[in-house]
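Okay, structure first, notes after.
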Amino acid sequence: MGLIVRERERFERTDVPEPSPRRNLVGAIVAVSALVATAVVVMFAWNRASLESRMGDRSLVDALASQASSASPTEGYVKTENEVDSTLLLTSDSLDVGGTLTDARILSVNVTAGTATLVSVPVDVAVTVDDQSMTLSELFSSQGYAACVTPLGRASGIYFDNVVLATGDVLEEAAQLAGSGTENLVSSASGFLSKIRTNMDAPGLLSFAETLSSIGVANLAAVDAPVVAETAADEAGNVVETGRQALDRTQLGVAIGRFAAA
């Protein structure tokens, strides 16, 4: 008796979906979208952190803390009773160490009188570092923006309250921040913050903006820093000119309202 071989019937499961090119495409699109969304979030967070780091610059905070007190006037002049706050404004082609200094100014606000003076300082003015004389621009290029604070403060006789390093003239933009809130400063002023570094935190920067706005940038009294020929003793002990310019600290003090003739 022969065996009857029956062909096994095939049954398809209806509860298991079959792979399809469309389903694979949808899955790939979802995966790519998730990656893009993650990248956007990461980029946003990185940009925000980068902008926030432009405020409260630690190297500038430390440089300001290392300053000595402001200079006293020479004979024939006296200190006034004016309260004067001074901000050093440095302009460079880069916000990083190694840039070129293109402009240096001192914004001095006479709080007592309600006025402000914008002093233009030559970038080739002489400053002294470790008993060696060099120009401000040379110091900026070789040691960076923060290294300029104390030597220039000593050369000018001015104690700087704040410093702003920028890639252009940002005073108008700074004044426009007046009335902004600290909580949304990064988002509302991203363009401005991308151009600067400063020791000031958000409240300090907004206070600076309020001061500029109340006085008006157009009302700043613009003057050139008074300079004299730098001198030094030669090997024979004779006083000779070095060929560089030095700031006249007393006349600069007069210009910003710190000193007056006796």
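Following the order of the structure tokens, chains are lettered A, B, ..., residues in each are numbered from 1, and ligands are numbered from 1.
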
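Near segment 214-223 of chain A, within 9 Å and counting only C-alpha atoms, sit Leu107, Gly114, Thr115, Ala116, Thr117, Leu118, Val119, Ser120, Leu171, Glu172, Ala175, Ala178, Ala209, Glu210, Thr211, Leu212, Ala225, Pro226 and Ala255 of chain A; same-chain residues fewer than 2 positions away were not included.
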
Would you mind listing what lies within 12 Å of Ser66 of chain A as a count of residues only, with only C-alpha atoms counted and same-chain residues fewer than 4 positions away left out? 15

From a backbone DSSP assignment, name each residue in segment 29-256 of chain A labelled alpha helix (DSSP H), as a count of residues only. 83

Neighbours of Thr182 of chain A within 9 Å (only C-alpha atoms; same-chain residues fewer than 2 positions away dropped), as a list in words? Ser180, Asn184, Leu185, Val186, Ala202, Pro203 and Leu206 of chain A

Convert the current residue selection to file output with N, CA, C and O atoms, as a PDB file, in the first residue's frame.
ATOM      1  N   SER A 180      14.712  97.026  27.591  1.00  0.00           N
ATOM      2  CA  SER A 180      14.638  95.575  27.417  1.00  0.00           C
ATOM      3  C   SER A 180      14.662  94.895  28.778  1.00  0.00           C
ATOM      4  O   SER A 180      15.072  95.481  29.779  1.00  0.00           O
ATOM      5  N   ASN A 184      14.979  88.244  28.438  1.00  0.00           N
ATOM      6  CA  ASN A 184      14.969  87.978  26.999  1.00  0.00           C
ATOM      7  C   ASN A 184      16.052  88.754  26.263  1.00  0.00           C
ATOM      8  O   ASN A 184      15.956  88.966  25.054  1.00  0.00           O
ATOM      9  N   LEU A 185      17.084  89.179  26.975  1.00  0.00           N
ATOM     10  CA  LEU A 185      18.132  89.988  26.356  1.00  0.00           C
ATOM     11  C   LEU A 185      18.854  89.217  25.264  1.00  0.00           C
ATOM     12  O   LEU A 185      19.139  89.758  24.191  1.00  0.00           O
ATOM     13  N   VAL A 186      19.164  87.952  25.520  1.00  0.00           N
ATOM     14  CA  VAL A 186      19.925  87.165  24.545  1.00  0.00           C
ATOM     15  C   VAL A 186      19.145  87.026  23.242  1.00  0.00           C
ATOM     16  O   VAL A 186      19.711  87.159  22.147  1.00  0.00           O
ATOM     17  N   ALA A 202      24.002  90.849  32.249  1.00  0.00           N
ATOM     18  CA  ALA A 202      22.804  91.400  31.608  1.00  0.00           C
ATOM     19  C   ALA A 202      22.273  92.648  32.320  1.00  0.00           C
ATOM     20  O   ALA A 202      22.019  93.665  31.664  1.00  0.00           O
ATOM     21  N   PRO A 203      22.112  92.638  33.647  1.00  0.00           N
ATOM     22  CA  PRO A 203      21.642  93.862  34.308  1.00  0.00           C
ATOM     23  C   PRO A 203      22.607  95.034  34.135  1.00  0.00           C
ATOM     24  O   PRO A 203      22.179  96.172  33.948  1.00  0.00           O
ATOM     25  N   LEU A 206      22.271  96.431  30.607  1.00  0.00           N
ATOM     26  CA  LEU A 206      21.045  97.204  30.444  1.00  0.00           C
ATOM     27  C   LEU A 206      21.131  98.545  31.171  1.00  0.00           C
ATOM     28  O   LEU A 206      20.580  99.550  30.705  1.00  0.00           O
TER      29      LEU A 206
END

Could you pull out the strand (DSSP E or B) residues of segment 109-178 of chain A, going by DSSP on the backbone, and write them as an MDAnalysis selection string? chainID A and resid 109:110 115:121 125:129 132:135 162:166

Closest contacts (segment 103-139 of chain A/segment 73-88 of chain A, max 7 Å, only C-alpha atoms) as a Markdown table:
| residue | atom | partner | partner_atom | distance |
| --- | --- | --- | --- | --- |
| A:Arg105 | CA | A:Leu88 | CA | 6.2 |
| A:Ile106 | CA | A:Leu88 | CA | 4.7 |
| A:Leu107 | CA | A:Thr87 | CA | 5.1 |
| A:Ser108 | CA | A:Ser86 | CA | 4.2 |
| A:Val109 | CA | A:Asp85 | CA | 5.2 |
| A:Asn110 | CA | A:Val84 | CA | 4.5 |
| A:Val111 | CA | A:Glu83 | CA | 5.4 |
| A:Thr112 | CA | A:Asn82 | CA | 5.4 |

Save the residues we just selected, C-alpha atoms, as a PDB file, in the first residue's frame?
ATOM      1  CA  ARG A 105      37.866 105.306  23.230  1.00  0.00           C
ATOM      2  CA  ILE A 106      36.947 106.158  26.799  1.00  0.00           C
ATOM      3  CA  LEU A 107      33.336 106.952  27.574  1.00  0.00           C
ATOM      4  CA  SER A 108      33.239 108.974  30.792  1.00  0.00           C
ATOM      5  CA  VAL A 109      29.828 109.765  32.260  1.00  0.00           C
ATOM      6  CA  ASN A 110      29.742 112.678  34.677  1.00  0.00           C
ATOM      7  CA  VAL A 111      26.892 111.419  36.839  1.00  0.00           C
ATOM      8  CA  THR A 112      26.863 114.607  38.896  1.00  0.00           C
TER       9      THR A 112
END

Using only C-alpha atoms, the best pick from A:Leu64, A:Val163, A:Met200, A:Ala126 as closest to Thr231 of chain A would be A:Ala126

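Going from atom CA of Ser133 of chain A to atom CA of Ile196 of chain A covers 28.1 Å.
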
For Ser92 of chain A, work out the shell of residues within 9 Å, counting only C-alpha atoms and skipping chain neighbours fewer than 3 positions away, then give it as number ranges by chain. A: 95, 99-103, 165-168

Of the listed residues A:Val164, A:Ala189, A:Ile29, A:Val129, that which approaches Leu89 of chain A most closely, counting only C-alpha atoms: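 Among the listed residues, A:Val164 lies closest to Leu89 of chain A.
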
Choose the residue, out of A:Glu241, A:Gln67, A:Lys195, A:Gln132, that has the smallest atom-to-atom separation from Asp96 of chain A; count only C-alpha atoms.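 Looking at the shortest contact to Asp96 of chain A, the residue is A:Lys195.
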